[in-house]
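Structure below is final-v2.txt: compact mmCIF, C-alpha atoms.
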```
# COMPACT_ATOMS: atom_id res chain seq x y z
CA MET A 269 -21.31 14.06 7.05
CA SER A 270 -21.01 14.35 3.31
CA LYS A 271 -20.73 10.95 1.61
CA THR A 272 -18.85 10.37 -1.59
CA THR A 273 -20.40 8.87 -4.70
CA ASP A 274 -18.18 7.13 -7.21
CA TRP A 275 -17.63 8.46 -10.69
CA ASP A 276 -17.18 5.91 -13.48
CA LEU A 277 -14.18 3.63 -13.32
CA TYR A 278 -11.67 3.83 -16.18
CA GLU A 279 -8.93 1.27 -16.80
CA VAL A 280 -5.56 2.88 -17.53
CA PHE A 281 -2.96 1.79 -20.09
CA VAL A 282 0.45 3.45 -20.35
CA ARG A 283 3.07 3.27 -23.09
CA SER A 284 6.47 3.76 -21.49
CA LYS A 285 8.17 4.76 -24.74
CA ARG A 286 7.56 4.89 -28.44
CA GLY A 287 8.02 1.52 -30.09
CA LEU A 288 6.37 -0.36 -27.22
CA SER A 289 2.68 -1.16 -26.77
CA HIS A 290 0.41 0.27 -24.08
CA LYS A 291 0.29 -1.81 -20.91
CA HIS A 292 -2.40 -2.00 -18.26
CA VAL A 293 -1.33 -0.27 -15.02
CA GLY A 294 -4.48 0.19 -12.95
CA SER A 295 -7.62 2.30 -12.85
CA VAL A 296 -8.96 5.72 -11.92
CA HIS A 297 -12.36 7.25 -11.26
CA ALA A 298 -13.35 10.33 -13.24
CA ALA A 299 -16.35 12.37 -14.31
CA ASP A 300 -15.37 12.02 -17.97
CA GLY A 301 -12.65 10.75 -20.27
CA ARG A 302 -10.65 13.96 -20.21
CA MET A 303 -10.49 13.95 -16.42
CA ALA A 304 -9.60 10.25 -16.50
CA ILE A 305 -6.59 11.05 -18.69
CA GLU A 306 -5.50 13.82 -16.33
CA ASN A 307 -5.97 11.67 -13.23
CA ALA A 308 -4.09 8.80 -14.89
CA ARG A 309 -1.26 11.19 -15.77
CA ASP A 310 -0.99 12.34 -12.14
CA LEU A 311 -1.31 8.86 -10.70
CA TYR A 312 0.69 6.60 -13.01
CA THR A 313 3.35 8.80 -14.64
CA ARG A 314 4.87 10.84 -11.80
CA ARG A 315 8.32 9.48 -12.61
CA SER A 316 8.42 9.55 -16.41
CA GLU A 317 6.79 6.10 -16.69
CA GLY A 318 5.01 7.03 -19.87
CA GLU A 319 4.68 9.15 -22.95
CA SER A 320 1.15 8.09 -23.89
CA VAL A 321 -1.93 7.10 -21.87
CA TRP A 322 -5.13 5.30 -22.86
CA VAL A 323 -8.20 5.21 -20.63
CA ILE A 324 -11.17 2.94 -21.29
CA PRO A 325 -14.43 2.85 -19.33
CA ALA A 326 -14.11 -0.37 -17.28
CA LYS A 327 -17.64 -1.44 -18.11
CA GLN A 328 -16.81 -1.38 -21.85
CA ILE A 329 -14.13 -4.06 -21.56
CA ILE A 330 -15.16 -7.51 -22.75
CA ALA A 331 -13.01 -10.18 -21.11
CA SER A 332 -12.70 -13.95 -21.37
CA ASP A 333 -14.11 -15.90 -18.46
CA PRO A 334 -11.43 -17.54 -16.26
CA ALA A 335 -13.77 -20.51 -15.78
CA GLU A 336 -13.51 -21.15 -19.53
CA GLY A 337 -9.73 -20.83 -19.45
CA ASP A 338 -9.04 -24.52 -20.10
CA ALA A 339 -11.53 -24.76 -22.95
CA LEU A 340 -10.19 -21.61 -24.60
CA PHE A 341 -6.47 -21.93 -24.09
CA GLY A 342 -5.94 -25.62 -23.27
CA PRO A 343 -5.93 -26.84 -26.90
CA ALA A 344 -2.78 -24.83 -27.66
CA ALA A 345 -0.80 -26.86 -25.11
CA ASP A 346 -0.71 -30.10 -27.15
CA LYS A 347 0.26 -28.45 -30.44
CA VAL A 348 3.98 -28.71 -29.90
CA TYR A 349 4.58 -28.84 -33.67
CA ARG A 350 3.77 -25.13 -33.78
CA HIS A 351 7.11 -24.41 -32.13
CA PRO A 352 10.44 -24.39 -34.01
CA THR A 353 12.08 -26.56 -31.33
CA PHE A 354 9.78 -29.48 -32.37
CA TYR A 355 11.96 -30.08 -35.44
CA ASP A 356 15.39 -31.75 -35.29
CA ILE A 357 17.55 -30.21 -37.94
CA PRO A 358 20.98 -31.88 -38.36
CA ASP A 359 23.88 -29.78 -37.10
CA GLU A 360 25.55 -29.92 -40.53
CA VAL A 361 22.76 -27.80 -41.96
CA GLY A 362 23.92 -24.92 -39.80
CA LYS A 363 21.89 -22.18 -38.20
CA MET A 364 18.28 -22.06 -39.39
CA MET B 269 1.89 -1.81 10.19
CA TYR B 270 -0.39 -0.57 7.49
CA THR B 271 -1.48 -4.18 7.06
CA THR B 272 -1.61 -5.41 10.64
CA ASP B 273 -4.86 -6.99 11.74
CA LEU B 274 -6.16 -4.17 13.95
CA ARG B 275 -9.43 -5.78 14.93
CA THR B 276 -9.96 -5.94 18.67
CA ALA B 277 -10.56 -9.32 20.35
CA GLU B 278 -14.32 -8.66 20.32
CA GLU B 279 -14.37 -7.81 16.62
CA LYS B 280 -12.37 -10.94 15.81
CA ALA B 281 -14.77 -13.10 17.80
CA LYS B 282 -17.72 -11.56 15.98
CA ASP B 283 -16.15 -12.14 12.57
CA ALA B 284 -15.27 -15.74 13.50
CA LYS B 285 -18.91 -16.42 14.32
CA LEU B 286 -19.95 -15.22 10.88
CA LYS B 287 -17.51 -17.61 9.21
CA VAL B 288 -19.03 -20.63 7.52
CA PRO B 289 -17.15 -23.68 8.81
CA THR B 290 -17.73 -25.89 5.75
CA LYS B 291 -15.22 -26.01 2.93
CA GLU B 292 -16.45 -24.32 -0.23
CA GLU B 293 -16.41 -26.11 -3.54
CA GLY B 294 -13.27 -25.21 -5.43
CA GLU B 295 -11.32 -24.36 -2.30
CA GLU B 296 -8.87 -27.23 -2.75
CA ALA B 297 -8.05 -26.28 -6.33
CA PHE B 298 -7.64 -22.69 -5.13
CA GLN B 299 -5.19 -23.71 -2.39
CA ALA B 300 -3.29 -25.94 -4.83
CA ARG B 301 -2.86 -22.98 -7.12
CA ILE B 302 -1.48 -20.88 -4.25
CA ASP B 303 0.80 -23.71 -3.13
CA ALA B 304 2.20 -23.80 -6.67
CA ASP B 305 3.04 -20.07 -6.30
CA GLU B 306 0.49 -19.04 -8.90
CA TYR B 307 -1.21 -15.66 -8.62
CA ILE B 308 -4.94 -15.27 -8.04
CA GLU B 309 -6.53 -12.76 -10.42
CA PRO B 310 -9.75 -10.73 -9.94
CA LYS B 311 -12.30 -12.94 -11.73
CA ASP B 312 -10.84 -16.22 -10.42
CA TYR B 313 -12.66 -18.29 -7.85
CA MET B 314 -11.60 -17.44 -4.30
CA PRO B 315 -13.06 -18.43 -0.93
CA ASP B 316 -15.21 -15.78 0.65
CA ALA B 317 -12.92 -15.48 3.65
CA TYR B 318 -9.88 -14.85 1.39
CA ARG B 319 -11.76 -12.07 -0.38
CA LYS B 320 -12.91 -10.51 2.91
CA THR B 321 -9.44 -10.67 4.45
CA LEU B 322 -7.95 -8.98 1.41
CA VAL B 323 -10.59 -6.25 1.24
CA ARG B 324 -10.02 -5.49 4.91
CA GLN B 325 -6.23 -5.51 4.64
CA MET B 326 -5.98 -3.63 1.34
CA SER B 327 -8.51 -0.95 2.22
CA GLN B 328 -6.89 -0.45 5.62
CA HIS B 329 -3.54 -0.19 3.86
CA ALA B 330 -5.01 2.39 1.44
CA HIS B 331 -6.58 4.36 4.29
CA SER B 332 -3.20 4.42 6.06
CA GLU B 333 -1.55 5.95 3.01
CA ILE B 334 -4.27 8.60 2.75
CA VAL B 335 -4.28 9.45 6.47
CA GLY B 336 -0.47 9.45 6.33
CA MET B 337 -0.63 12.56 4.18
CA LEU B 338 -2.19 14.57 7.00
CA PRO B 339 0.70 14.88 9.49
CA GLU B 340 3.13 15.65 6.65
CA GLY B 341 0.77 17.98 4.82
CA GLY B 342 0.76 20.22 7.90
CA TRP B 343 4.52 20.74 7.48
CA VAL B 344 4.56 21.73 3.79
CA THR B 345 4.18 25.42 4.61
CA ARG B 346 6.74 25.19 7.42
CA ALA B 347 9.50 23.31 5.60
CA PRO B 348 12.88 24.92 6.38
CA SER B 349 13.88 25.53 2.74
CA LEU B 350 12.44 25.51 -0.75
CA LYS B 351 14.37 22.30 -1.47
CA ARG B 352 12.79 20.52 1.51
CA LYS B 353 9.38 21.91 0.60
CA ILE B 354 9.34 20.52 -2.94
CA ILE B 355 10.65 17.16 -1.69
CA LEU B 356 7.93 16.99 0.95
CA THR B 357 5.23 17.99 -1.53
CA ALA B 358 6.37 15.20 -3.85
CA LYS B 359 6.32 12.72 -0.98
CA VAL B 360 2.82 13.73 0.09
CA GLN B 361 1.65 13.37 -3.51
CA ASP B 362 3.20 9.88 -3.59
CA GLU B 363 1.25 8.91 -0.47
CA ALA B 364 -1.95 9.93 -2.24
CA GLY B 365 -0.79 7.85 -5.20
CA HIS B 366 -0.13 4.82 -2.99
CA GLY B 367 -3.59 5.11 -1.50
CA LEU B 368 -5.10 5.26 -4.98
CA TYR B 369 -3.10 2.27 -6.33
CA LEU B 370 -4.39 0.31 -3.38
CA TYR B 371 -8.02 1.40 -3.66
CA SER B 372 -7.83 0.57 -7.35
CA ALA B 373 -6.49 -2.92 -6.55
CA ALA B 374 -9.03 -3.47 -3.75
CA GLU B 375 -11.91 -2.53 -6.03
CA THR B 376 -11.11 -5.55 -8.22
CA LEU B 377 -12.45 -7.65 -5.34
CA GLY B 378 -15.92 -6.19 -5.80
CA THR B 379 -16.02 -3.52 -3.07
CA SER B 380 -16.57 0.01 -4.39
CA ARG B 381 -14.24 2.86 -3.53
CA GLU B 382 -17.23 4.79 -2.26
CA GLU B 383 -17.95 2.04 0.26
CA MET B 384 -14.33 1.89 1.44
CA LEU B 385 -14.09 5.67 1.88
CA ASN B 386 -17.40 5.87 3.68
CA GLN B 387 -16.20 3.14 6.07
CA LEU B 388 -13.10 5.20 6.83
CA HIS B 389 -15.02 8.41 7.42
CA SER B 390 -17.69 6.79 9.55
CA GLY B 391 -14.93 5.36 11.76
CA LYS B 392 -15.74 1.73 10.89
CA ALA B 393 -12.49 1.06 9.03
CA LYS B 394 -9.11 1.29 10.72
CA TYR B 395 -5.79 2.73 9.60
CA SER B 396 -2.25 2.50 10.91
CA THR B 397 -1.99 3.70 14.51
CA ILE B 398 1.28 5.47 13.75
CA PHE B 399 -0.56 8.45 12.27
CA ASN B 400 -2.34 9.20 15.50
CA TYR B 401 0.92 10.38 17.06
CA PRO B 402 1.61 14.13 16.81
CA THR B 403 4.38 15.55 14.60
CA THR B 404 5.75 18.34 16.76
CA SER B 405 8.97 19.35 14.99
CA TRP B 406 10.57 19.41 11.55
CA ALA B 407 12.79 16.52 12.66
CA ASP B 408 9.59 14.43 13.00
CA VAL B 409 8.93 14.84 9.30
CA CYS B 410 12.39 13.43 8.54
CA THR B 411 12.08 10.69 11.18
CA ILE B 412 8.75 9.59 9.71
CA GLY B 413 10.44 9.19 6.33
CA TRP B 414 13.32 7.21 7.81
CA LEU B 415 11.53 5.05 10.42
CA VAL B 416 7.87 4.92 9.44
CA ASP B 417 8.48 4.55 5.73
CA GLY B 418 11.42 2.27 6.52
CA ALA B 419 9.15 -0.02 8.54
CA ALA B 420 6.58 0.16 5.76
CA ILE B 421 9.18 -0.98 3.21
CA THR B 422 10.19 -3.93 5.41
CA ASN B 423 6.56 -4.99 5.55
CA GLN B 424 5.74 -4.27 1.93
CA ILE B 425 8.65 -5.99 0.18
CA PRO B 426 7.27 -9.48 0.93
CA LEU B 427 3.82 -8.25 -0.18
CA CYS B 428 5.24 -7.82 -3.70
CA ARG B 429 4.95 -11.63 -3.85
CA CYS B 430 1.53 -11.81 -2.23
CA SER B 431 -0.83 -14.33 -3.85
CA TYR B 432 -3.36 -11.75 -5.04
CA GLY B 433 -2.05 -10.36 -8.35
CA PRO B 434 -3.43 -6.79 -8.24
CA TYR B 435 -2.15 -6.33 -4.65
CA ALA B 436 1.30 -7.67 -5.51
CA ARG B 437 1.54 -5.41 -8.57
CA ALA B 438 0.48 -2.34 -6.58
CA MET B 439 3.12 -3.16 -3.96
CA ILE B 440 5.92 -3.32 -6.54
CA LYS B 441 5.13 0.23 -7.60
CA VAL B 442 4.75 1.41 -4.00
CA CYS B 443 8.07 -0.11 -2.88
CA LYS B 444 10.01 1.63 -5.64
CA GLU B 445 8.63 4.97 -4.49
CA GLU B 446 9.00 4.33 -0.75
CA SER B 447 12.72 4.09 -1.17
CA PHE B 448 12.80 7.80 -2.05
CA HIS B 449 10.70 8.52 1.05
CA GLN B 450 13.08 6.75 3.39
CA ARG B 451 16.22 8.21 1.88
CA GLN B 452 14.97 11.80 1.84
CA GLY B 453 14.06 11.47 5.55
CA TYR B 454 17.46 10.09 6.51
CA ASP B 455 19.14 12.74 4.39
CA GLY B 456 17.21 15.45 6.25
CA LEU B 457 18.33 14.03 9.61
CA LEU B 458 21.95 13.78 8.49
CA GLU B 459 21.85 17.47 7.63
CA MET B 460 20.38 18.38 11.02
CA MET B 461 23.03 16.30 12.81
CA LYS B 462 25.70 18.45 11.14
CA GLY B 463 23.99 21.56 12.51
CA THR B 464 23.60 23.30 15.88
CA ASP B 465 23.15 21.62 19.27
CA ALA B 466 19.49 22.59 19.19
CA GLN B 467 19.07 20.79 15.87
CA LYS B 468 20.83 17.68 17.22
CA ARG B 469 18.58 17.69 20.28
CA MET B 470 15.57 17.96 18.00
CA VAL B 471 16.69 14.83 16.12
CA GLN B 472 17.32 12.89 19.33
CA ASP B 473 13.96 13.91 20.78
CA SER B 474 12.23 12.91 17.59
CA PHE B 475 13.94 9.50 17.53
CA ASP B 476 13.03 8.89 21.17
CA ARG B 477 9.34 9.49 20.45
CA TRP B 478 9.09 7.58 17.14
CA PHE B 479 11.36 4.58 17.61
CA TRP B 480 8.98 2.49 19.75
CA PRO B 481 5.79 3.33 17.82
CA SER B 482 7.60 2.42 14.57
CA LEU B 483 8.40 -1.03 16.02
CA MET B 484 4.75 -1.45 16.98
CA MET B 485 3.79 -0.87 13.36
CA PHE B 486 4.60 -4.54 12.73
CA GLY B 487 1.68 -5.52 14.93
CA PRO B 488 1.27 -7.64 18.05
CA PRO B 489 3.89 -10.27 18.94
CA ASP B 490 3.55 -13.65 17.20
CA SER B 491 2.33 -15.21 20.44
CA ASP B 492 -0.79 -12.97 20.22
CA SER B 493 -1.60 -12.96 16.52
CA ALA B 494 -3.93 -15.88 15.97
CA HIS B 495 -4.82 -15.07 12.36
CA SER B 496 -1.33 -15.24 10.93
CA SER B 497 -1.36 -18.94 10.05
CA GLN B 498 -4.32 -18.75 7.65
CA ASN B 499 -2.84 -15.67 5.99
CA MET B 500 0.49 -17.50 5.68
CA ALA B 501 -1.23 -20.48 4.03
CA TRP B 502 -2.90 -18.09 1.60
CA LYS B 503 0.44 -16.34 1.03
CA ILE B 504 -1.05 -12.98 1.89
CA LYS B 505 1.56 -12.86 4.62
CA ARG B 506 4.96 -14.46 4.19
CA PHE B 507 6.81 -13.57 7.38
CA SER B 508 5.58 -13.20 10.95
CA ASN B 509 5.26 -9.86 12.74
CA ASP B 510 8.24 -10.62 14.98
CA GLU B 511 10.45 -11.72 12.09
CA LEU B 512 9.76 -8.50 10.18
CA ARG B 513 10.21 -6.37 13.31
CA GLN B 514 13.60 -7.96 13.97
CA ARG B 515 14.64 -7.44 10.36
CA PHE B 516 13.74 -3.74 10.66
CA VAL B 517 15.60 -3.30 13.97
CA ASP B 518 18.73 -4.97 12.60
CA ALA B 519 18.72 -2.68 9.57
CA THR B 520 17.89 0.49 11.51
CA ILE B 521 20.24 0.43 14.50
CA PRO B 522 23.46 0.82 12.47
CA GLN B 523 21.80 3.71 10.62
CA ALA B 524 20.92 5.34 13.96
CA GLU B 525 24.50 4.85 15.15
CA PHE B 526 25.85 6.48 11.99
CA LEU B 527 23.60 9.47 12.64
CA GLY B 528 25.05 9.74 16.12
CA ILE B 529 21.83 9.01 17.97
CA LYS B 530 21.89 7.83 21.57
CA LEU B 531 20.07 4.50 21.62
CA PRO B 532 17.67 3.35 24.35
CA GLU B 533 19.45 1.17 26.91
CA GLN B 534 17.27 -1.85 26.03
CA VAL B 535 18.84 -1.98 22.59
CA LYS B 536 21.84 -4.31 22.69
CA TRP B 537 23.69 -6.42 20.15
CA ASN B 538 23.35 -10.11 20.96
CA GLU B 539 26.47 -11.92 19.83
CA GLU B 540 24.77 -15.33 20.08
CA THR B 541 21.70 -14.61 17.98
CA LYS B 542 23.54 -12.08 15.78
CA HIS B 543 20.57 -9.76 16.18
CA TYR B 544 19.82 -6.60 18.17
CA ALA B 545 17.73 -7.25 21.27
CA PHE B 546 15.28 -4.48 22.15
CA GLY B 547 13.22 -5.70 25.10
CA GLU B 548 9.46 -5.61 25.50
CA LEU B 549 7.17 -3.13 23.76
CA ASP B 550 4.28 -1.37 25.47
CA TRP B 551 1.34 -3.22 23.91
CA ASP B 552 -1.20 -1.54 26.18
CA GLU B 553 -0.29 1.73 24.50
CA PHE B 554 -0.64 0.10 21.08
CA TRP B 555 -4.18 -1.18 21.74
CA ALA B 556 -5.17 2.10 23.34
CA VAL B 557 -4.10 3.93 20.15
CA VAL B 558 -5.95 1.37 17.98
CA LYS B 559 -9.08 2.16 19.96
CA GLY B 560 -8.65 5.87 19.27
CA ASP B 561 -6.61 7.16 22.19
CA GLY B 562 -3.88 8.66 19.99
CA ALA B 563 -3.34 12.38 20.48
CA CYS B 564 -4.45 13.08 16.91
CA ALA B 565 -7.10 10.42 16.23
CA SER B 566 -10.12 12.70 16.08
CA ASN B 567 -8.09 15.41 14.31
CA ARG B 568 -7.26 13.06 11.48
CA MET B 569 -10.85 12.05 10.80
CA ASP B 570 -12.09 15.63 11.16
CA ALA B 571 -9.55 16.69 8.53
CA ARG B 572 -10.71 13.92 6.19
CA ARG B 573 -14.38 14.73 6.63
CA LYS B 574 -13.70 18.43 6.11
CA ALA B 575 -11.81 17.71 2.88
CA ILE B 576 -14.72 15.64 1.57
CA ALA B 577 -17.25 18.30 2.56
CA ASP B 578 -15.18 21.22 1.21
CA GLY B 579 -14.60 19.44 -2.09
CA LYS B 580 -18.27 18.68 -2.64
CA TRP B 581 -18.94 21.68 -4.88
CA VAL B 582 -15.90 20.82 -7.02
CA ARG B 583 -17.13 17.26 -7.55
CA GLU B 584 -20.63 18.50 -8.35
CA ALA B 585 -19.30 21.06 -10.82
CA ALA B 586 -17.15 18.43 -12.55
CA THR B 587 -20.12 16.05 -12.79
CA ALA B 588 -22.35 18.80 -14.20
CA TYR B 589 -19.66 19.82 -16.71
CA ALA B 590 -19.18 16.21 -17.86
CA GLU B 591 -22.92 15.79 -18.34
CA LYS B 592 -23.11 19.01 -20.33
CA GLN B 593 -20.29 17.86 -22.61
CA ARG B 594 -21.97 14.50 -23.17
CA ALA B 595 -25.28 16.21 -23.96
CA ALA B 596 -23.49 18.45 -26.50
CA VAL B 597 -21.96 15.38 -28.18
CA ARG B 598 -25.37 13.66 -28.32
CA ALA B 599 -26.99 16.79 -29.81
CA ALA B 600 -24.34 17.00 -32.53
CA GLU B 601 -24.85 13.36 -33.56
```
Once more with this new file: its structure as structure tokens, please.
Amino acid sequence: MSKTTDWDLYEVFVRSKRGLSHKHVGSVHAADGRMAIENARDLYTRRSEGESVWVIPAKQIIASDPAEGDALFGPAADKVYRHPTFYDIPDEVGKM
Amino acid sequence: MYTTDLRTAEEKAKDAKLKVPTKEEGEEAFQARIDADEYIEPKDYMPDAYRKTLVRQMSQHAHSEIVGMLPEGGWVTRAPSLKRKIILTAKVQDEAGHGLYLYSAAETLGTSREEMLNQLHSGKAKYSTIFNYPTTSWADVCTIGWLVDGAAITNQIPLCRCSYGPYARAMIKVCKEESFHQRQGYDGLLEMMKGTDAQKRMVQDSFDRWFWPSLMMFGPPDSDSAHSSQNMAWKIKRFSNDELRQRFVDATIPQAEFLGIKLPEQVKWNEETKHYAFGELDWDEFWAVVKGDGACASNRMDARRKAIADGKWVREAATAYAEKQRAAVRAAE
């Protein structure tokens, strides 16, 4: 029996319409970038879900480590003064 | 169902022996996260057993979508009209898409697609038993859309809230597309029921053969499925096999009545429970089909192996072409 060998994995990002950013939707295997674009088109935009596709070799993505999540993102939680709702503006001042 | 635990009693016993009984470090924090309805994402800590259960379920689900193309693919050239042919082609392409969304999601757990496919083709991995039944008439193609995809939707809707993020996201996309599958099948049957007596008989015959297997898709009765409770705690499963089966029966019977189908005598409305009763299912048949007794079991795998073998030169040519292009880019630099 003939066994299959995987081509490289590409992560796929689709922009649903102009004016919005590309959003991650999944991944495809392909021999090269061009084929990855074509496979992504067939797989993720069969119902007009997009007008632009990005593919990126999965091994090229540098990601934050979930184990470091608290150290990286925790400090933002106690900086409530960064949000407009932290400030009490008297009603008389009106909409600000 | 595509996601039913299809391991035989012996396989379950073997897997249970391999299980490490001690609690892993981090397991409590993991469970707390699930209890708080948070999603688990690919690089997060997860117990080994959670990962293994998901790989088995998701790859089996993916295999079922891929094998599901085979009975329908055989009818593309025999569709009764151009309209039905393009609809069926689109449906078959969707099934391929569903398989690929699922393989893509399962790969995030660290098992390669190559490994999953090789397990299918070597006969080690299982797929839904429903595809080992033969599709003998055009009505079967429509009935599969209505009943088989209908049962799949009933099972897959709760999976859209499954605790593993990539699986849940894949299911949302799949469910949206399945709705087309079910409706086009029912629409095809409605048309046949407006036709000749022969067409009406074809629909009835098709229903009679597919109704019980479609109910078995939800898996063994709750009294026999020992693994449900752990999967419930992990929120991989949210409703029991029997609950989902009942939900499907209650939704389907009025649709069958509207079509004008004669229902099996076991099917009766129960005024007390406010549900349709449907009697006992033939579980011996179910387990026999799981073990490969279905009329089409060997056919299905032969077709898959042939497709892989026949496509080998295409894959090799694409690989060679890609390498040549890369070499040309390197030379120009």
Residues of chain A within 10 Å of chain B, only C-alpha atoms counted, as a PyMOL selection string: chain A and resi 269-275+277+279+293-303+310-312+314-315+331-335
Any chance you can output those residues with C-alpha atoms as a PDB file, keeping the file's coordinate frame?
```
ATOM      1  CA  MET A 269     -21.310  14.060   7.050  1.00  0.00           C
ATOM      2  CA  SER A 270     -21.010  14.350   3.310  1.00  0.00           C
ATOM      3  CA  LYS A 271     -20.730  10.950   1.610  1.00  0.00           C
ATOM      4  CA  THR A 272     -18.850  10.370  -1.590  1.00  0.00           C
ATOM      5  CA  THR A 273     -20.400   8.870  -4.700  1.00  0.00           C
ATOM      6  CA  ASP A 274     -18.180   7.130  -7.210  1.00  0.00           C
ATOM      7  CA  TRP A 275     -17.630   8.460 -10.690  1.00  0.00           C
ATOM      8  CA  LEU A 277     -14.180   3.630 -13.320  1.00  0.00           C
ATOM      9  CA  GLU A 279      -8.930   1.270 -16.800  1.00  0.00           C
ATOM     10  CA  VAL A 293      -1.330  -0.270 -15.020  1.00  0.00           C
ATOM     11  CA  GLY A 294      -4.480   0.190 -12.950  1.00  0.00           C
ATOM     12  CA  SER A 295      -7.620   2.300 -12.850  1.00  0.00           C
ATOM     13  CA  VAL A 296      -8.960   5.720 -11.920  1.00  0.00           C
ATOM     14  CA  HIS A 297     -12.360   7.250 -11.260  1.00  0.00           C
ATOM     15  CA  ALA A 298     -13.350  10.330 -13.240  1.00  0.00           C
ATOM     16  CA  ALA A 299     -16.350  12.370 -14.310  1.00  0.00           C
ATOM     17  CA  ASP A 300     -15.370  12.020 -17.970  1.00  0.00           C
ATOM     18  CA  GLY A 301     -12.650  10.750 -20.270  1.00  0.00           C
ATOM     19  CA  ARG A 302     -10.650  13.960 -20.210  1.00  0.00           C
ATOM     20  CA  MET A 303     -10.490  13.950 -16.420  1.00  0.00           C
ATOM     21  CA  ASP A 310      -0.990  12.340 -12.140  1.00  0.00           C
ATOM     22  CA  LEU A 311      -1.310   8.860 -10.700  1.00  0.00           C
ATOM     23  CA  TYR A 312       0.690   6.600 -13.010  1.00  0.00           C
ATOM     24  CA  ARG A 314       4.870  10.840 -11.800  1.00  0.00           C
ATOM     25  CA  ARG A 315       8.320   9.480 -12.610  1.00  0.00           C
ATOM     26  CA  ALA A 331     -13.010 -10.180 -21.110  1.00  0.00           C
ATOM     27  CA  SER A 332     -12.700 -13.950 -21.370  1.00  0.00           C
ATOM     28  CA  ASP A 333     -14.110 -15.900 -18.460  1.00  0.00           C
ATOM     29  CA  PRO A 334     -11.430 -17.540 -16.260  1.00  0.00           C
ATOM     30  CA  ALA A 335     -13.770 -20.510 -15.780  1.00  0.00           C
TER      31      ALA A 335
END
```
Distance in Å - atom CA of Asn423 of chain B versus atom CA of Pro402 of chain B: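 Calculated distance between atom CA of Asn423 of chain B and atom CA of Pro402 of chain B is 22.7 Å.
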Separation of atom CA of Glu548 of chain B from atom CA of Tyr270 of chain B in Å: 21.1 Å
Nearest to Ala304 of chain B, chosen from B:Ser431, B:Asn567, B:Thr422, B:Gln472, with all atoms listed in the file counted in the distances: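 Between B:Ser431, B:Asn567, B:Thr422, B:Gln472, the residue approaching Ala304 of chain B most closely is B:Ser431.
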Minimum-distance residue to Asp273 of chain B, chosen among B:Tyr395, B:Trp502, B:Tyr454, B:Phe448 (using all atoms listed in the file):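 Closest candidate: B:Tyr395.
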Non-local contacts of Leu527 of chain B (10 Å; only C-alpha atoms; under 6 positions in same chain excluded) as a ChimeraX atom specification: /B:454-455,457-462,468,471-472,521
Take segment 342-353 of chain A, model N, CA and C atoms, and hand the result over as a tab-separated table (two decimals), in the coordinates of the input.
```tsv
chain	number	residue	atom	x	y	z
A	342	GLY	N	-6.50	-24.28	-23.43
A	342	GLY	CA	-5.94	-25.62	-23.27
A	342	GLY	C	-5.47	-26.23	-24.59
A	343	PRO	N	-6.28	-26.15	-25.66
A	343	PRO	CA	-5.93	-26.84	-26.90
A	343	PRO	C	-4.55	-26.45	-27.46
A	344	ALA	N	-4.08	-25.25	-27.13
A	344	ALA	CA	-2.78	-24.83	-27.66
A	344	ALA	C	-1.64	-25.65	-27.06
A	345	ALA	N	-1.88	-26.21	-25.84
A	345	ALA	CA	-0.80	-26.86	-25.11
A	345	ALA	C	-0.28	-28.11	-25.82
A	346	ASP	N	-1.19	-28.85	-26.53
A	346	ASP	CA	-0.71	-30.10	-27.15
A	346	ASP	C	-0.33	-29.91	-28.62
A	347	LYS	N	-0.15	-28.70	-29.04
A	347	LYS	CA	0.26	-28.45	-30.44
A	347	LYS	C	1.73	-28.07	-30.48
A	348	VAL	N	2.54	-29.01	-30.02
A	348	VAL	CA	3.98	-28.71	-29.90
A	348	VAL	C	4.62	-28.45	-31.26
A	349	TYR	N	4.00	-29.01	-32.32
A	349	TYR	CA	4.58	-28.84	-33.67
A	349	TYR	C	4.49	-27.41	-34.17
A	350	ARG	N	3.80	-26.53	-33.39
A	350	ARG	CA	3.77	-25.13	-33.78
A	350	ARG	C	5.06	-24.40	-33.40
A	351	HIS	N	5.89	-25.07	-32.60
A	351	HIS	CA	7.11	-24.41	-32.13
A	351	HIS	C	8.32	-24.90	-32.92
A	352	PRO	N	9.27	-23.99	-33.21
A	352	PRO	CA	10.44	-24.39	-34.01
A	352	PRO	C	11.26	-25.51	-33.37
A	353	THR	N	11.25	-25.56	-32.02
A	353	THR	CA	12.08	-26.56	-31.33
A	353	THR	C	11.55	-27.98	-31.53
```
